[in-house]
Number of protein chains: 2
Amino acid sequence: MVEGVPAEGGLRERKKRATRAALVEAAVRLAVERGVENVTVDAISAAAGVSTRTFFNYFDSRDEVFVMVGSDSSDRVCRAVLAAPPGPAPLEVLRDALAAELEEVEQQQEVWCLHAEVLRKAPQLLARRIGAHMADELGLAEALAERIGAGSPLFAEDRPAFASPEDEERRRALELYPRLLAAVGGTAVRVAVEHWSVRQDRTRFTDVFRETFEHLAAGLPEPPATAGRRS
Amino acid sequence: MVEGVPAEGGLRERKKRATRAALVEAAVRLAVERGVENVTVDAISAAAGVSTRTFFNYFDSRDEVFVMVGSDSSDRVCRAVLAAPPGPAPLEVLRDALAAELEEVEQQQEVWCLHAEVLRKAPQLLARRIGAHMADELGLAEALAERIGAGSPLFAEDRPAFASPEDEERRRALELYPRLLAAVGGTAVRVAVEHWSVRQDRTRFTDVFRETFEHLAAGLPEPPATAGRRS
DNA sequence: ACGCAAAACTGCAGACCGTGCAAAAATCTG
DNA sequence: CAGATTTTTGCACGGTCTGCAGTTTTGCGT
């Protein structure tokens, strides 16, 4: 068997990856064929050539096999945020970190469109997908917080228990902002993907993505098209 | 039993509401007692005094009983958006519509905090909660679109199939903005609730909520506390 | 090449979830 | 009260997911 990658790791690792990929591939293929709801774990496992029990050694639930696409993205985004130069505004840092990761979306159009189609027809799976992103959100919020307030005495572990009300207030605000930024950023990505996936032939994803962040950076004012488009 | 509302409808309606409330109450109580994962449908049904089968006449899934709090809020928010005076910016309209609905949060502190606690310990349920809000999001996006672009010829059903690229572009932008606004608004509410529910004794929810929307309206710039707080 | 230890796969039993169906009970209508 | 409508309920059935124990496969030192 010819491998595109130089066969990292031993035979064990390769087989595990192969089985995992086979399960995902079988699941998506069956879902497109007969609809997500009519795809049982038994069918997926049989199509992938493993036992039903083995399926649950790879995925915690049946739905997970449909949402496990690009699940390792969040780590890279977090690292990109932490590694960003100290210059630009937090929103720009987040935008660029996400954009770098999302370039893969346009390159792997087929996979993403197929998954987007599957997810669009199954709201419950979409919910689970969002849920998968929520854990990411916490990590991302921490990364953003460190990017912003690194070394702030307000975050010291051994701060006095009875800080002044002003400091408490400022600390509270410092906790709120990164969380909001992370959550809004994730939401912007979701909206951009949903919007683009229904009219991909007309627009490049990058443009839609940039447009969402322009809206955010501008404070979500009245849309340009209503008041006369100014690029 | 004293009713706050004058017992609308006949005996049937009242009994249905009572059963529904009993199921929710039993579910939340059991969840706080022994953890969400250790609460079976059988236990909930038994505690509510109905059969297991009846539970599924009220909720489509076990998890739904935990996320069905304030599920009728979205309609009122949509109506508030549509009924808003034509003056203020869309973001303000959305903020005020949500704020009016969220006043109930502070009044029913106990219920919301209990639910927030349950949801915090169960990420999967939080995901489902978000999913429940996603349908709302579509309706809210439509309401916002109507609030903004009512009567715009770009949205006419019988528009020419081959509109000019410029019009297509503008129409696309008009579709993106309301969706983004609705999604971001929902996210802001979620972040505000989560943030407030962990330190409710220190701050009023209204203040946290307003602060999130101040961040949004300002375009999510560097947080004030880092650069020196200016109220 | 051989054999042992670790890891993975598998079948099985069992609890739980969720649905369709039809009978029984409760409620509404006249 | 009688009939129509709605709700509740029990039952059967298929699907999801977990723990356990036995078997097979892989990694590795000799």
# chains A, B, ... in the order shown; residues from 1 in each chain; ligands from 1

$ interface_residues --of "chain D" --to "chain A" --cutoff "12 Å" --atoms "only C-alpha atoms (C1' of nucleotides)" --output "JSON, numbers by chain"
{"D": [14, 15, 16, 17, 18, 19, 25, 26, 27, 28]}

$ interface_residues --of "chain B" --to "chain A" --cutoff "8 Å" --atoms "only C-alpha atoms" --output "JSON, numbers by chain"
{"B": [89, 90, 91, 123, 124, 126, 127, 128, 130, 131, 132, 148, 149, 170, 171, 173, 174, 176, 177, 179, 180, 181, 183, 184, 187, 188, 191, 192, 195, 212, 215, 216, 217, 218, 219, 220, 221, 222, 223, 225, 226, 229]}

$ interface_residues --of "chain C" --to "chain A" --cutoff "9 Å" --atoms "only C-alpha atoms (C1' of nucleotides)" --output "PDB file with all heavy atoms, in the first residue's frame"
ATOM      1  P    DA C   7      -0.424  -0.634  26.948  1.00  0.00           P
ATOM      2  OP1  DA C   7       0.103   0.736  26.999  1.00  0.00           O
ATOM      3  OP2  DA C   7      -1.257  -1.170  28.048  1.00  0.00           O
ATOM      4  O5'  DA C   7      -1.251  -0.804  25.598  1.00  0.00           O
ATOM      5  C5'  DA C   7      -0.562  -0.847  24.358  1.00  0.00           C
ATOM      6  C4'  DA C   7      -1.497  -1.360  23.284  1.00  0.00           C
ATOM      7  O4'  DA C   7      -1.621  -2.801  23.416  1.00  0.00           O
ATOM      8  C3'  DA C   7      -2.910  -0.788  23.349  1.00  0.00           C
ATOM      9  O3'  DA C   7      -3.258  -0.208  22.109  1.00  0.00           O
ATOM     10  C2'  DA C   7      -3.781  -1.990  23.707  1.00  0.00           C
ATOM     11  C1'  DA C   7      -2.967  -3.144  23.158  1.00  0.00           C
ATOM     12  N9   DA C   7      -3.223  -4.417  23.821  1.00  0.00           N
ATOM     13  C8   DA C   7      -3.196  -4.675  25.168  1.00  0.00           C
ATOM     14  N7   DA C   7      -3.467  -5.931  25.475  1.00  0.00           N
ATOM     15  C5   DA C   7      -3.689  -6.528  24.239  1.00  0.00           C
ATOM     16  C6   DA C   7      -4.022  -7.854  23.887  1.00  0.00           C
ATOM     17  N6   DA C   7      -4.198  -8.833  24.771  1.00  0.00           N
ATOM     18  N1   DA C   7      -4.160  -8.126  22.567  1.00  0.00           N
ATOM     19  C2   DA C   7      -3.982  -7.125  21.688  1.00  0.00           C
ATOM     20  N3   DA C   7      -3.672  -5.840  21.908  1.00  0.00           N
ATOM     21  C4   DA C   7      -3.534  -5.611  23.220  1.00  0.00           C
ATOM     22  P    DA C   8      -4.698   0.516  21.955  1.00  0.00           P
ATOM     23  OP1  DA C   8      -4.496   1.758  21.194  1.00  0.00           O
ATOM     24  OP2  DA C   8      -5.378   0.538  23.266  1.00  0.00           O
ATOM     25  O5'  DA C   8      -5.453  -0.512  21.014  1.00  0.00           O
ATOM     26  C5'  DA C   8      -4.788  -1.036  19.882  1.00  0.00           C
ATOM     27  C4'  DA C   8      -5.631  -2.122  19.246  1.00  0.00           C
ATOM     28  O4'  DA C   8      -5.595  -3.299  20.077  1.00  0.00           O
ATOM     29  C3'  DA C   8      -7.107  -1.745  19.080  1.00  0.00           C
ATOM     30  O3'  DA C   8      -7.536  -2.057  17.766  1.00  0.00           O
ATOM     31  C2'  DA C   8      -7.806  -2.591  20.137  1.00  0.00           C
ATOM     32  C1'  DA C   8      -6.899  -3.809  20.233  1.00  0.00           C
ATOM     33  N9   DA C   8      -6.958  -4.490  21.520  1.00  0.00           N
ATOM     34  C8   DA C   8      -6.770  -3.946  22.758  1.00  0.00           C
ATOM     35  N7   DA C   8      -6.875  -4.805  23.744  1.00  0.00           N
ATOM     36  C5   DA C   8      -7.138  -6.005  23.107  1.00  0.00           C
ATOM     37  C6   DA C   8      -7.358  -7.309  23.590  1.00  0.00           C
ATOM     38  N6   DA C   8      -7.341  -7.627  24.879  1.00  0.00           N
ATOM     39  N1   DA C   8      -7.602  -8.284  22.681  1.00  0.00           N
ATOM     40  C2   DA C   8      -7.619  -7.961  21.374  1.00  0.00           C
ATOM     41  N3   DA C   8      -7.428  -6.764  20.811  1.00  0.00           N
ATOM     42  C4   DA C   8      -7.188  -5.827  21.734  1.00  0.00           C
ATOM     43  P    DC C   9      -9.040  -1.794  17.359  1.00  0.00           P
ATOM     44  OP1  DC C   9      -9.031  -1.377  15.932  1.00  0.00           O
ATOM     45  OP2  DC C   9      -9.674  -0.934  18.381  1.00  0.00           O
ATOM     46  O5'  DC C   9      -9.682  -3.249  17.419  1.00  0.00           O
ATOM     47  C5'  DC C   9      -9.082  -4.289  16.648  1.00  0.00           C
ATOM     48  C4'  DC C   9      -9.902  -5.560  16.775  1.00  0.00           C
ATOM     49  O4'  DC C   9      -9.726  -6.093  18.101  1.00  0.00           O
ATOM     50  C3'  DC C   9     -11.414  -5.350  16.563  1.00  0.00           C
ATOM     51  O3'  DC C   9     -11.888  -6.328  15.643  1.00  0.00           O
ATOM     52  C2'  DC C   9     -11.998  -5.518  17.963  1.00  0.00           C
ATOM     53  C1'  DC C   9     -10.985  -6.429  18.646  1.00  0.00           C
ATOM     54  N1   DC C   9     -10.868  -6.238  20.120  1.00  0.00           N
ATOM     55  C2   DC C   9     -11.054  -7.318  20.984  1.00  0.00           C
ATOM     56  O2   DC C   9     -11.318  -8.434  20.511  1.00  0.00           O
ATOM     57  N3   DC C   9     -10.931  -7.137  22.319  1.00  0.00           N
ATOM     58  C4   DC C   9     -10.637  -5.921  22.800  1.00  0.00           C
ATOM     59  N4   DC C   9     -10.526  -5.787  24.120  1.00  0.00           N
ATOM     60  C5   DC C   9     -10.443  -4.800  21.935  1.00  0.00           C
ATOM     61  C6   DC C   9     -10.564  -5.001  20.618  1.00  0.00           C
ATOM     62  P    DT C  10     -13.401  -6.284  15.143  1.00  0.00           P
ATOM     63  OP1  DT C  10     -13.438  -6.899  13.791  1.00  0.00           O
ATOM     64  OP2  DT C  10     -13.932  -4.921  15.362  1.00  0.00           O
ATOM     65  O5'  DT C  10     -14.108  -7.291  16.134  1.00  0.00           O
ATOM     66  C5'  DT C  10     -13.591  -8.618  16.278  1.00  0.00           C
ATOM     67  C4'  DT C  10     -14.343  -9.346  17.376  1.00  0.00           C
ATOM     68  O4'  DT C  10     -13.874  -8.885  18.657  1.00  0.00           O
ATOM     69  C3'  DT C  10     -15.850  -9.107  17.367  1.00  0.00           C
ATOM     70  O3'  DT C  10     -16.503 -10.266  16.876  1.00  0.00           O
ATOM     71  C2'  DT C  10     -16.209  -8.801  18.827  1.00  0.00           C
ATOM     72  C1'  DT C  10     -14.906  -9.066  19.593  1.00  0.00           C
ATOM     73  N1   DT C  10     -14.656  -8.101  20.700  1.00  0.00           N
ATOM     74  C2   DT C  10     -14.573  -8.560  21.991  1.00  0.00           C
ATOM     75  O2   DT C  10     -14.711  -9.731  22.284  1.00  0.00           O
ATOM     76  N3   DT C  10     -14.347  -7.596  22.932  1.00  0.00           N
ATOM     77  C4   DT C  10     -14.188  -6.229  22.718  1.00  0.00           C
ATOM     78  O4   DT C  10     -13.990  -5.456  23.645  1.00  0.00           O
ATOM     79  C5   DT C  10     -14.281  -5.820  21.345  1.00  0.00           C
ATOM     80  C7   DT C  10     -14.131  -4.362  20.974  1.00  0.00           C
ATOM     81  C6   DT C  10     -14.507  -6.763  20.404  1.00  0.00           C
ATOM     82  P    DG C  11     -18.075 -10.264  16.636  1.00  0.00           P
ATOM     83  OP1  DG C  11     -18.357 -11.135  15.469  1.00  0.00           O
ATOM     84  OP2  DG C  11     -18.521  -8.856  16.631  1.00  0.00           O
ATOM     85  O5'  DG C  11     -18.655 -10.976  17.927  1.00  0.00           O
ATOM     86  C5'  DG C  11     -18.093 -12.209  18.367  1.00  0.00           C
ATOM     87  C4'  DG C  11     -18.665 -12.598  19.727  1.00  0.00           C
ATOM     88  O4'  DG C  11     -18.118 -11.723  20.741  1.00  0.00           O
ATOM     89  C3'  DG C  11     -20.194 -12.495  19.834  1.00  0.00           C
ATOM     90  O3'  DG C  11     -20.686 -13.629  20.536  1.00  0.00           O
ATOM     91  C2'  DG C  11     -20.395 -11.189  20.594  1.00  0.00           C
ATOM     92  C1'  DG C  11     -19.155 -11.140  21.493  1.00  0.00           C
ATOM     93  N9   DG C  11     -18.710  -9.786  21.854  1.00  0.00           N
ATOM     94  C8   DG C  11     -18.571  -8.715  21.017  1.00  0.00           C
ATOM     95  N7   DG C  11     -18.134  -7.638  21.622  1.00  0.00           N
ATOM     96  C5   DG C  11     -17.969  -8.018  22.934  1.00  0.00           C
ATOM     97  C6   DG C  11     -17.530  -7.287  24.059  1.00  0.00           C
ATOM     98  O6   DG C  11     -17.184  -6.113  24.112  1.00  0.00           O
ATOM     99  N1   DG C  11     -17.518  -8.072  25.218  1.00  0.00           N
ATOM    100  C2   DG C  11     -17.886  -9.388  25.277  1.00  0.00           C
ATOM    101  N2   DG C  11     -17.802  -9.965  26.467  1.00  0.00           N
ATOM    102  N3   DG C  11     -18.300 -10.093  24.229  1.00  0.00           N
ATOM    103  C4   DG C  11     -18.318  -9.347  23.100  1.00  0.00           C
TER     104       DG C  11
END

$ calpha_fit_rmsd --fixed "chain B" --moving "chain A"
0.5 Å

$ closest_residue --among "B:Leu144, B:Ser45, B:Val193, B:Arg76" --to "Tyr58 (chain B)" --atoms "only C-alpha atoms"
B:Ser45

$ select_by_dssp --residues "region 8-94 of chain A" --states "helix (DSSP H, G or I)" --output "PyMOL selection string"
chain A and resi 11-34+36-38+41-48+52-58+64-67+73-82+90-94

$ atom_distance --atom1 "CA of Ser197 (chain B)" --atom2 "CA of Val111 (chain B)"
11.4 Å

$ atom_distance --atom1 "CA of His115 (chain A)" --atom2 "CA of Val67 (chain A)"
8.1 Å
